[in-house]
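Student: This is the structure I have questions about; it appears just below.
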Amino acid sequence: MKPFWQAKQLDEMTQDEWESLCDGCGKCCLNKLIDDDTEALHFTNVCCELLDTDSGRCSNYPARRKFVPDCVSITPENLSTLFYLPPSCAYRRLAEGRDLAAWHPLRHHGDRSAMIAAGMSVVGRVERESQLSMELEDRIVTWPLRDCD
Ligand code: SF4
Ligand code: SF4
């Protein structure tokens with residue numbers, strides 16, 4: 001029998017199935033810049049104040065909007081508008097007709113070690129904005145754009 005992410009369309013999933021697609025990479029919680037001239041999207045290694053930089057997860061997901069009002073919930077309805085999701089993001093991969101990567105935690109009974117070993121997590125690579133001593137433009141990085149199967 002196929003796993004749910006292969007058997008169902010995104011808008012057919014239960015809330016629990018939908019939430020479980022998030023691999024917890026933390027890349028969507030990085031500050032991003034858009035080039036005024038080219039409109040190219042750049043990731044930085046500076047993250048949201050609420051991100052737990054040791055785990056790569058939101059430190060207060062249920063109440064996050066109290067602290068970060070513009071934090072976006074990903075839904076089947078708005079997914080196509082979220083152009084800033086990294087190529088490795090499970091939601092983006094499935095929306096593009098790709099499968100979950102071999103390192104995705106759902107393929108490892110929830111274990112995130114393969115995802116971290118594949119270099120997909122922000123853990124150990126980011127700082128919060130309040131810790132910043134440089135301009136955001138000087139913190140542009142390309143590793144969040146990397147993906148692998
Ligand atoms: S980029 Fe996608 S998979 Fe990674 S934490 Fe954000 S929503 Fe989850
Ligand atoms: S509030 Fe939480 S989920 Fe939203 S961007 Fe910040 S760390 Fe990520």
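We name chains A, B, ... following the order of the structure tokens; residues begin at 1 in each chain, and ligands are numbered from 1 as shown.
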Could you build a table of the residues in chain A lying no more than 7 Å from ligand 2, giving for each the nearest pair of atoms and their separation in Å rounded to one decimal place, using only C-alpha atoms and all ligand atoms, ordered by chain and ascending residue number, as a tab-separated table?
Tutor:
```
residue	atom	partner	partner_atom_place_in_ligand_line	distance
A:Gly26	CA	ligand 2	8 (Fe)	6.7
A:Cys28	CA	ligand 2	8 (Fe)	6.6
A:Cys29	CA	ligand 2	5 (S)	4.0
A:Cys48	CA	ligand 2	6 (Fe)	4.6
A:Glu49	CA	ligand 2	6 (Fe)	6.3
A:Leu50	CA	ligand 2	7 (S)	4.4
A:Leu51	CA	ligand 2	7 (S)	3.7
A:Arg57	CA	ligand 2	7 (S)	6.6
A:Cys58	CA	ligand 2	2 (Fe)	4.0
A:Ser59	CA	ligand 2	2 (Fe)	6.5
A:Asn60	CA	ligand 2	2 (Fe)	6.5
A:Tyr61	CA	ligand 2	2 (Fe)	5.5
A:Arg64	CA	ligand 2	1 (S)	4.7
A:Arg65	CA	ligand 2	1 (S)	6.5
A:Val68	CA	ligand 2	1 (S)	5.2
A:Cys71	CA	ligand 2	4 (Fe)	4.4
A:Val72	CA	ligand 2	4 (Fe)	6.7
```
Student: Show me, as a ChimeraX atom specification, the residues that have an atom within 10 Å of stretch 85-88 of chain A when counting only C-alpha atoms, minus same-chain residues fewer than 6 positions from it.
Tutor: /A:23,25-29,43,74,79,96,100-101,104,120,143-149
Student: In terms of the shortest atom-to-atom distance over only C-alpha atoms and all ligand atoms, which of A:Leu41, A:Val123, A:Leu21, A:Ile34 is closest to ligand 1?
Tutor: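 The answer is A:Leu21, which sits nearest to ligand 1.
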Student: Work out how far atom CA of A:Ile140 is from atom CA of A:Ala90, in Å to one decimal.
Tutor: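 Here the two named atoms are 22.9 Å from each other.
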Student: Could you work out how far atom CA of A:Val46 lies from atom CA of A:Leu132, giving the answer in Å with one decimal?
Tutor: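 Value for the atom CA of A:Leu132-atom CA of A:Val46 distance: 7.8 Å.
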Student: Write out as an mmCIF file with N, CA and C atoms, in the first residue's frame the residues lying within 9 Å of A:Trp5, counting only C-alpha atoms and excluding same-chain residues fewer than 2 positions away.
Tutor:
```cif
data_model
loop_
_atom_site.group_PDB
_atom_site.id
_atom_site.type_symbol
_atom_site.label_atom_id
_atom_site.label_comp_id
_atom_site.auth_asym_id
_atom_site.auth_seq_id
_atom_site.Cartn_x
_atom_site.Cartn_y
_atom_site.Cartn_z
ATOM 1 N N LYS A 2 0.469 2.227 -0.767
ATOM 2 C CA LYS A 2 1.254 3.456 -0.861
ATOM 3 C C LYS A 2 1.116 4.283 0.416
ATOM 4 N N PRO A 3 2.175 4.999 0.814
ATOM 5 C CA PRO A 3 2.033 5.906 1.958
ATOM 6 C C PRO A 3 1.111 7.065 1.587
ATOM 7 N N ALA A 7 -0.483 8.486 -1.944
ATOM 8 C CA ALA A 7 -1.840 8.035 -2.266
ATOM 9 C C ALA A 7 -2.842 9.180 -2.347
ATOM 10 N N LYS A 8 -2.541 10.288 -1.639
ATOM 11 C CA LYS A 8 -3.525 11.381 -1.561
ATOM 12 C C LYS A 8 -3.013 12.648 -2.229
ATOM 13 N N GLN A 9 -3.961 13.436 -2.717
ATOM 14 C CA GLN A 9 -3.639 14.797 -3.136
ATOM 15 C C GLN A 9 -3.429 15.642 -1.879
ATOM 16 N N LEU A 10 -2.737 16.759 -2.030
ATOM 17 C CA LEU A 10 -2.463 17.605 -0.863
ATOM 18 C C LEU A 10 -3.752 18.045 -0.170
ATOM 19 N N MET A 13 -5.542 15.447 2.395
ATOM 20 C CA MET A 13 -4.879 14.968 3.620
ATOM 21 C C MET A 13 -5.593 15.462 4.870
ATOM 22 N N GLU A 17 -1.832 14.521 8.901
ATOM 23 C CA GLU A 17 -0.984 14.134 7.765
ATOM 24 C C GLU A 17 -0.293 15.366 7.194
ATOM 25 N N TRP A 18 -1.063 16.424 7.026
ATOM 26 C CA TRP A 18 -0.505 17.673 6.464
ATOM 27 C C TRP A 18 0.637 18.181 7.334
ATOM 28 N N LEU A 21 4.031 16.431 7.169
ATOM 29 C CA LEU A 21 4.868 16.622 5.972
ATOM 30 C C LEU A 21 6.046 17.544 6.248
ATOM 31 N N LEU A 94 6.058 18.087 -3.110
ATOM 32 C CA LEU A 94 4.833 17.381 -3.491
ATOM 33 C C LEU A 94 4.004 18.217 -4.462
ATOM 34 N N ASP A 99 8.428 13.402 -5.184
ATOM 35 C CA ASP A 99 8.148 12.574 -4.007
ATOM 36 C C ASP A 99 8.909 13.160 -2.810
ATOM 37 N N LEU A 100 8.631 12.677 -1.618
ATOM 38 C CA LEU A 100 9.450 13.069 -0.473
ATOM 39 C C LEU A 100 10.854 12.499 -0.658
#
```
Student: Please list as an mmCIF file with all heavy atoms, in the first residue's frame every residue within 12 Å of A:Leu136, counting only C-alpha atoms and excluding residues in the same chain fewer than 2 positions away.
Tutor:
```cif
data_model
loop_
_atom_site.group_PDB
_atom_site.id
_atom_site.type_symbol
_atom_site.label_atom_id
_atom_site.label_comp_id
_atom_site.auth_asym_id
_atom_site.auth_seq_id
_atom_site.Cartn_x
_atom_site.Cartn_y
_atom_site.Cartn_z
ATOM 1 N N LEU A 30 14.024 31.443 7.906
ATOM 2 C CA LEU A 30 15.178 32.320 7.673
ATOM 3 C C LEU A 30 14.718 33.639 7.067
ATOM 4 O O LEU A 30 13.747 33.662 6.298
ATOM 5 C CB LEU A 30 16.165 31.648 6.710
ATOM 6 C CG LEU A 30 16.784 30.332 7.178
ATOM 7 C CD1 LEU A 30 17.682 29.753 6.094
ATOM 8 C CD2 LEU A 30 17.574 30.554 8.459
ATOM 9 N N ASN A 31 15.421 34.715 7.402
ATOM 10 C CA ASN A 31 15.124 35.997 6.756
ATOM 11 C C ASN A 31 15.590 35.926 5.308
ATOM 12 O O ASN A 31 16.643 35.358 5.014
ATOM 13 C CB ASN A 31 15.845 37.132 7.467
ATOM 14 C CG ASN A 31 15.264 37.400 8.844
ATOM 15 O OD1 ASN A 31 14.386 36.679 9.307
ATOM 16 N ND2 ASN A 31 15.758 38.420 9.496
ATOM 17 N N LYS A 32 14.778 36.512 4.457
ATOM 18 C CA LYS A 32 15.080 36.473 3.025
ATOM 19 C C LYS A 32 15.102 37.891 2.468
ATOM 20 O O LYS A 32 14.470 38.786 3.018
ATOM 21 C CB LYS A 32 14.028 35.618 2.297
ATOM 22 C CG LYS A 32 14.037 34.177 2.772
ATOM 23 C CD LYS A 32 12.817 33.417 2.408
ATOM 24 C CE LYS A 32 11.766 33.177 3.431
ATOM 25 N NZ LYS A 32 12.045 32.783 4.760
ATOM 26 N N LEU A 33 15.821 38.042 1.359
ATOM 27 C CA LEU A 33 15.895 39.337 0.687
ATOM 28 C C LEU A 33 15.492 39.148 -0.768
ATOM 29 O O LEU A 33 15.771 38.097 -1.352
ATOM 30 C CB LEU A 33 17.330 39.877 0.738
ATOM 31 C CG LEU A 33 17.875 40.248 2.120
ATOM 32 C CD1 LEU A 33 19.380 40.469 2.045
ATOM 33 C CD2 LEU A 33 17.175 41.490 2.656
ATOM 34 N N ILE A 34 14.867 40.152 -1.324
ATOM 35 C CA ILE A 34 14.534 40.105 -2.751
ATOM 36 C C ILE A 34 15.288 41.234 -3.446
ATOM 37 O O ILE A 34 15.216 42.395 -3.017
ATOM 38 C CB ILE A 34 13.015 40.238 -2.976
ATOM 39 C CG1 ILE A 34 12.318 39.030 -2.367
ATOM 40 C CG2 ILE A 34 12.697 40.356 -4.462
ATOM 41 C CD1 ILE A 34 10.841 38.957 -2.580
ATOM 42 N N HIS A 42 16.882 35.705 -2.163
ATOM 43 C CA HIS A 42 18.107 35.288 -1.485
ATOM 44 C C HIS A 42 17.786 34.890 -0.051
ATOM 45 O O HIS A 42 17.106 35.640 0.658
ATOM 46 C CB HIS A 42 19.130 36.423 -1.473
ATOM 47 C CG HIS A 42 19.570 36.858 -2.830
ATOM 48 N ND1 HIS A 42 20.404 36.094 -3.625
ATOM 49 C CD2 HIS A 42 19.275 37.966 -3.544
ATOM 50 C CE1 HIS A 42 20.612 36.719 -4.764
ATOM 51 N NE2 HIS A 42 19.935 37.854 -4.746
ATOM 52 N N PHE A 43 18.293 33.750 0.344
ATOM 53 C CA PHE A 43 18.182 33.348 1.750
ATOM 54 C C PHE A 43 19.364 33.935 2.513
ATOM 55 O O PHE A 43 20.449 34.127 1.953
ATOM 56 C CB PHE A 43 18.227 31.823 1.877
ATOM 57 C CG PHE A 43 16.932 31.151 1.538
ATOM 58 C CD1 PHE A 43 16.604 30.867 0.215
ATOM 59 C CD2 PHE A 43 16.031 30.798 2.529
ATOM 60 C CE1 PHE A 43 15.412 30.247 -0.108
ATOM 61 C CE2 PHE A 43 14.835 30.174 2.217
ATOM 62 C CZ PHE A 43 14.531 29.896 0.899
ATOM 63 N N THR A 44 19.162 34.198 3.796
ATOM 64 C CA THR A 44 20.270 34.593 4.668
ATOM 65 C C THR A 44 20.393 33.542 5.777
ATOM 66 O O THR A 44 19.500 32.711 5.960
ATOM 67 C CB THR A 44 20.025 35.970 5.321
ATOM 68 O OG1 THR A 44 19.015 35.829 6.332
ATOM 69 C CG2 THR A 44 19.603 37.015 4.301
ATOM 70 N N ASN A 45 21.501 33.636 6.522
ATOM 71 C CA ASN A 45 21.637 32.710 7.657
ATOM 72 C C ASN A 45 21.212 33.383 8.965
ATOM 73 O O ASN A 45 21.740 33.085 10.028
ATOM 74 C CB ASN A 45 23.045 32.140 7.743
ATOM 75 C CG ASN A 45 24.101 33.216 7.870
ATOM 76 O OD1 ASN A 45 23.792 34.399 7.993
ATOM 77 N ND2 ASN A 45 25.361 32.815 7.852
ATOM 78 N N VAL A 46 20.238 34.267 8.834
ATOM 79 C CA VAL A 46 19.638 34.946 9.984
ATOM 80 C C VAL A 46 18.196 34.463 10.098
ATOM 81 O O VAL A 46 17.472 34.425 9.101
ATOM 82 C CB VAL A 46 19.671 36.473 9.786
ATOM 83 C CG1 VAL A 46 19.031 37.172 10.970
ATOM 84 C CG2 VAL A 46 21.104 36.935 9.574
ATOM 85 N N CYS A 47 17.820 34.075 11.295
ATOM 86 C CA CYS A 47 16.505 33.446 11.450
ATOM 87 C C CYS A 47 15.559 34.281 12.310
ATOM 88 O O CYS A 47 15.963 35.214 13.004
ATOM 89 C CB CYS A 47 16.657 32.047 12.038
ATOM 90 S SG CYS A 47 17.294 32.035 13.721
ATOM 91 N N GLU A 127 21.865 32.427 13.051
ATOM 92 C CA GLU A 127 21.788 33.277 14.242
ATOM 93 C C GLU A 127 20.475 34.045 14.190
ATOM 94 O O GLU A 127 19.955 34.310 13.111
ATOM 95 C CB GLU A 127 22.920 34.306 14.235
ATOM 96 C CG GLU A 127 24.260 33.784 14.648
ATOM 97 C CD GLU A 127 25.272 34.911 14.636
ATOM 98 O OE1 GLU A 127 25.412 35.579 13.603
ATOM 99 O OE2 GLU A 127 25.900 35.123 15.671
ATOM 100 N N ARG A 128 19.999 34.441 15.357
ATOM 101 C CA ARG A 128 18.798 35.279 15.385
ATOM 102 C C ARG A 128 19.169 36.722 15.057
ATOM 103 O O ARG A 128 20.300 37.144 15.284
ATOM 104 C CB ARG A 128 18.145 35.218 16.762
ATOM 105 C CG ARG A 128 17.599 33.860 17.083
ATOM 106 C CD ARG A 128 16.628 33.927 18.228
ATOM 107 N NE ARG A 128 16.388 32.584 18.712
ATOM 108 C CZ ARG A 128 17.021 32.045 19.741
ATOM 109 N NH1 ARG A 128 17.891 32.760 20.426
ATOM 110 N NH2 ARG A 128 16.774 30.819 20.107
ATOM 111 N N GLU A 129 18.159 37.440 14.593
ATOM 112 C CA GLU A 129 18.384 38.831 14.185
ATOM 113 C C GLU A 129 18.948 39.663 15.341
ATOM 114 O O GLU A 129 19.803 40.518 15.141
ATOM 115 C CB GLU A 129 17.069 39.428 13.695
ATOM 116 C CG GLU A 129 17.272 40.605 12.788
ATOM 117 C CD GLU A 129 16.035 40.896 11.953
ATOM 118 O OE1 GLU A 129 14.984 40.284 12.197
ATOM 119 O OE2 GLU A 129 16.144 41.747 11.065
ATOM 120 N N SER A 130 18.486 39.391 16.553
ATOM 121 C CA SER A 130 18.923 40.182 17.713
ATOM 122 C C SER A 130 20.401 39.946 18.031
ATOM 123 O O SER A 130 21.007 40.717 18.766
ATOM 124 C CB SER A 130 18.065 39.837 18.930
ATOM 125 O OG SER A 130 18.125 38.456 19.178
ATOM 126 N N GLN A 131 20.961 38.852 17.486
ATOM 127 C CA GLN A 131 22.380 38.558 17.733
ATOM 128 C C GLN A 131 23.262 39.117 16.624
ATOM 129 O O GLN A 131 24.472 38.941 16.633
ATOM 130 C CB GLN A 131 22.588 37.036 17.792
ATOM 131 C CG GLN A 131 21.784 36.356 18.889
ATOM 132 C CD GLN A 131 21.812 34.836 18.739
ATOM 133 O OE1 GLN A 131 21.602 34.302 17.652
ATOM 134 N NE2 GLN A 131 22.064 34.147 19.826
ATOM 135 N N LEU A 132 22.622 39.808 15.676
ATOM 136 C CA LEU A 132 23.296 40.198 14.450
ATOM 137 C C LEU A 132 24.230 41.388 14.650
ATOM 138 O O LEU A 132 23.855 42.382 15.251
ATOM 139 C CB LEU A 132 22.223 40.566 13.425
ATOM 140 C CG LEU A 132 22.565 40.434 11.967
ATOM 141 C CD1 LEU A 132 22.986 39.011 11.663
ATOM 142 C CD2 LEU A 132 21.347 40.800 11.134
ATOM 143 N N SER A 133 25.424 41.285 14.088
ATOM 144 C CA SER A 133 26.355 42.404 14.140
ATOM 145 C C SER A 133 26.718 42.881 12.730
ATOM 146 O O SER A 133 27.581 43.707 12.559
ATOM 147 C CB SER A 133 27.620 41.987 14.896
ATOM 148 O OG SER A 133 28.175 40.844 14.280
ATOM 149 N N MET A 134 26.057 42.320 11.715
ATOM 150 C CA MET A 134 26.354 42.681 10.324
ATOM 151 C C MET A 134 25.047 43.021 9.630
ATOM 152 O O MET A 134 23.973 42.669 10.088
ATOM 153 C CB MET A 134 26.984 41.497 9.578
ATOM 154 C CG MET A 134 28.305 41.042 10.113
ATOM 155 S SD MET A 134 28.722 39.419 9.451
ATOM 156 C CE MET A 134 29.235 39.831 7.818
ATOM 157 N N ASP A 138 24.908 41.144 4.084
ATOM 158 C CA ASP A 138 26.193 40.436 4.219
ATOM 159 C C ASP A 138 26.008 39.017 4.746
ATOM 160 O O ASP A 138 26.988 38.308 4.979
ATOM 161 C CB ASP A 138 27.125 41.216 5.153
ATOM 162 C CG ASP A 138 27.486 42.565 4.576
ATOM 163 O OD1 ASP A 138 27.650 42.644 3.340
ATOM 164 O OD2 ASP A 138 27.578 43.539 5.341
ATOM 165 N N ARG A 139 24.757 38.626 4.951
ATOM 166 C CA ARG A 139 24.500 37.288 5.493
ATOM 167 C C ARG A 139 23.816 36.384 4.473
ATOM 168 O O ARG A 139 23.224 35.367 4.846
ATOM 169 C CB ARG A 139 23.637 37.407 6.765
ATOM 170 C CG ARG A 139 24.261 38.263 7.855
ATOM 171 C CD ARG A 139 25.561 37.687 8.370
ATOM 172 N NE ARG A 139 25.348 36.408 9.005
ATOM 173 C CZ ARG A 139 25.252 36.237 10.337
ATOM 174 N NH1 ARG A 139 25.391 37.263 11.132
ATOM 175 N NH2 ARG A 139 25.053 35.048 10.847
ATOM 176 N N ILE A 140 23.877 36.744 3.210
ATOM 177 C CA ILE A 140 23.260 35.912 2.166
ATOM 178 C C ILE A 140 24.030 34.596 2.032
ATOM 179 O O ILE A 140 25.267 34.591 2.016
ATOM 180 C CB ILE A 140 23.222 36.678 0.819
ATOM 181 C CG1 ILE A 140 22.194 37.799 0.914
ATOM 182 C CG2 ILE A 140 22.894 35.740 -0.346
ATOM 183 C CD1 ILE A 140 22.149 38.719 -0.290
ATOM 184 N N VAL A 141 23.285 33.491 1.976
ATOM 185 C CA VAL A 141 23.881 32.154 1.835
ATOM 186 C C VAL A 141 23.112 31.373 0.764
ATOM 187 O O VAL A 141 21.951 31.664 0.485
ATOM 188 C CB VAL A 141 23.853 31.370 3.173
ATOM 189 C CG1 VAL A 141 24.862 31.926 4.163
ATOM 190 C CG2 VAL A 141 22.455 31.358 3.781
#
```
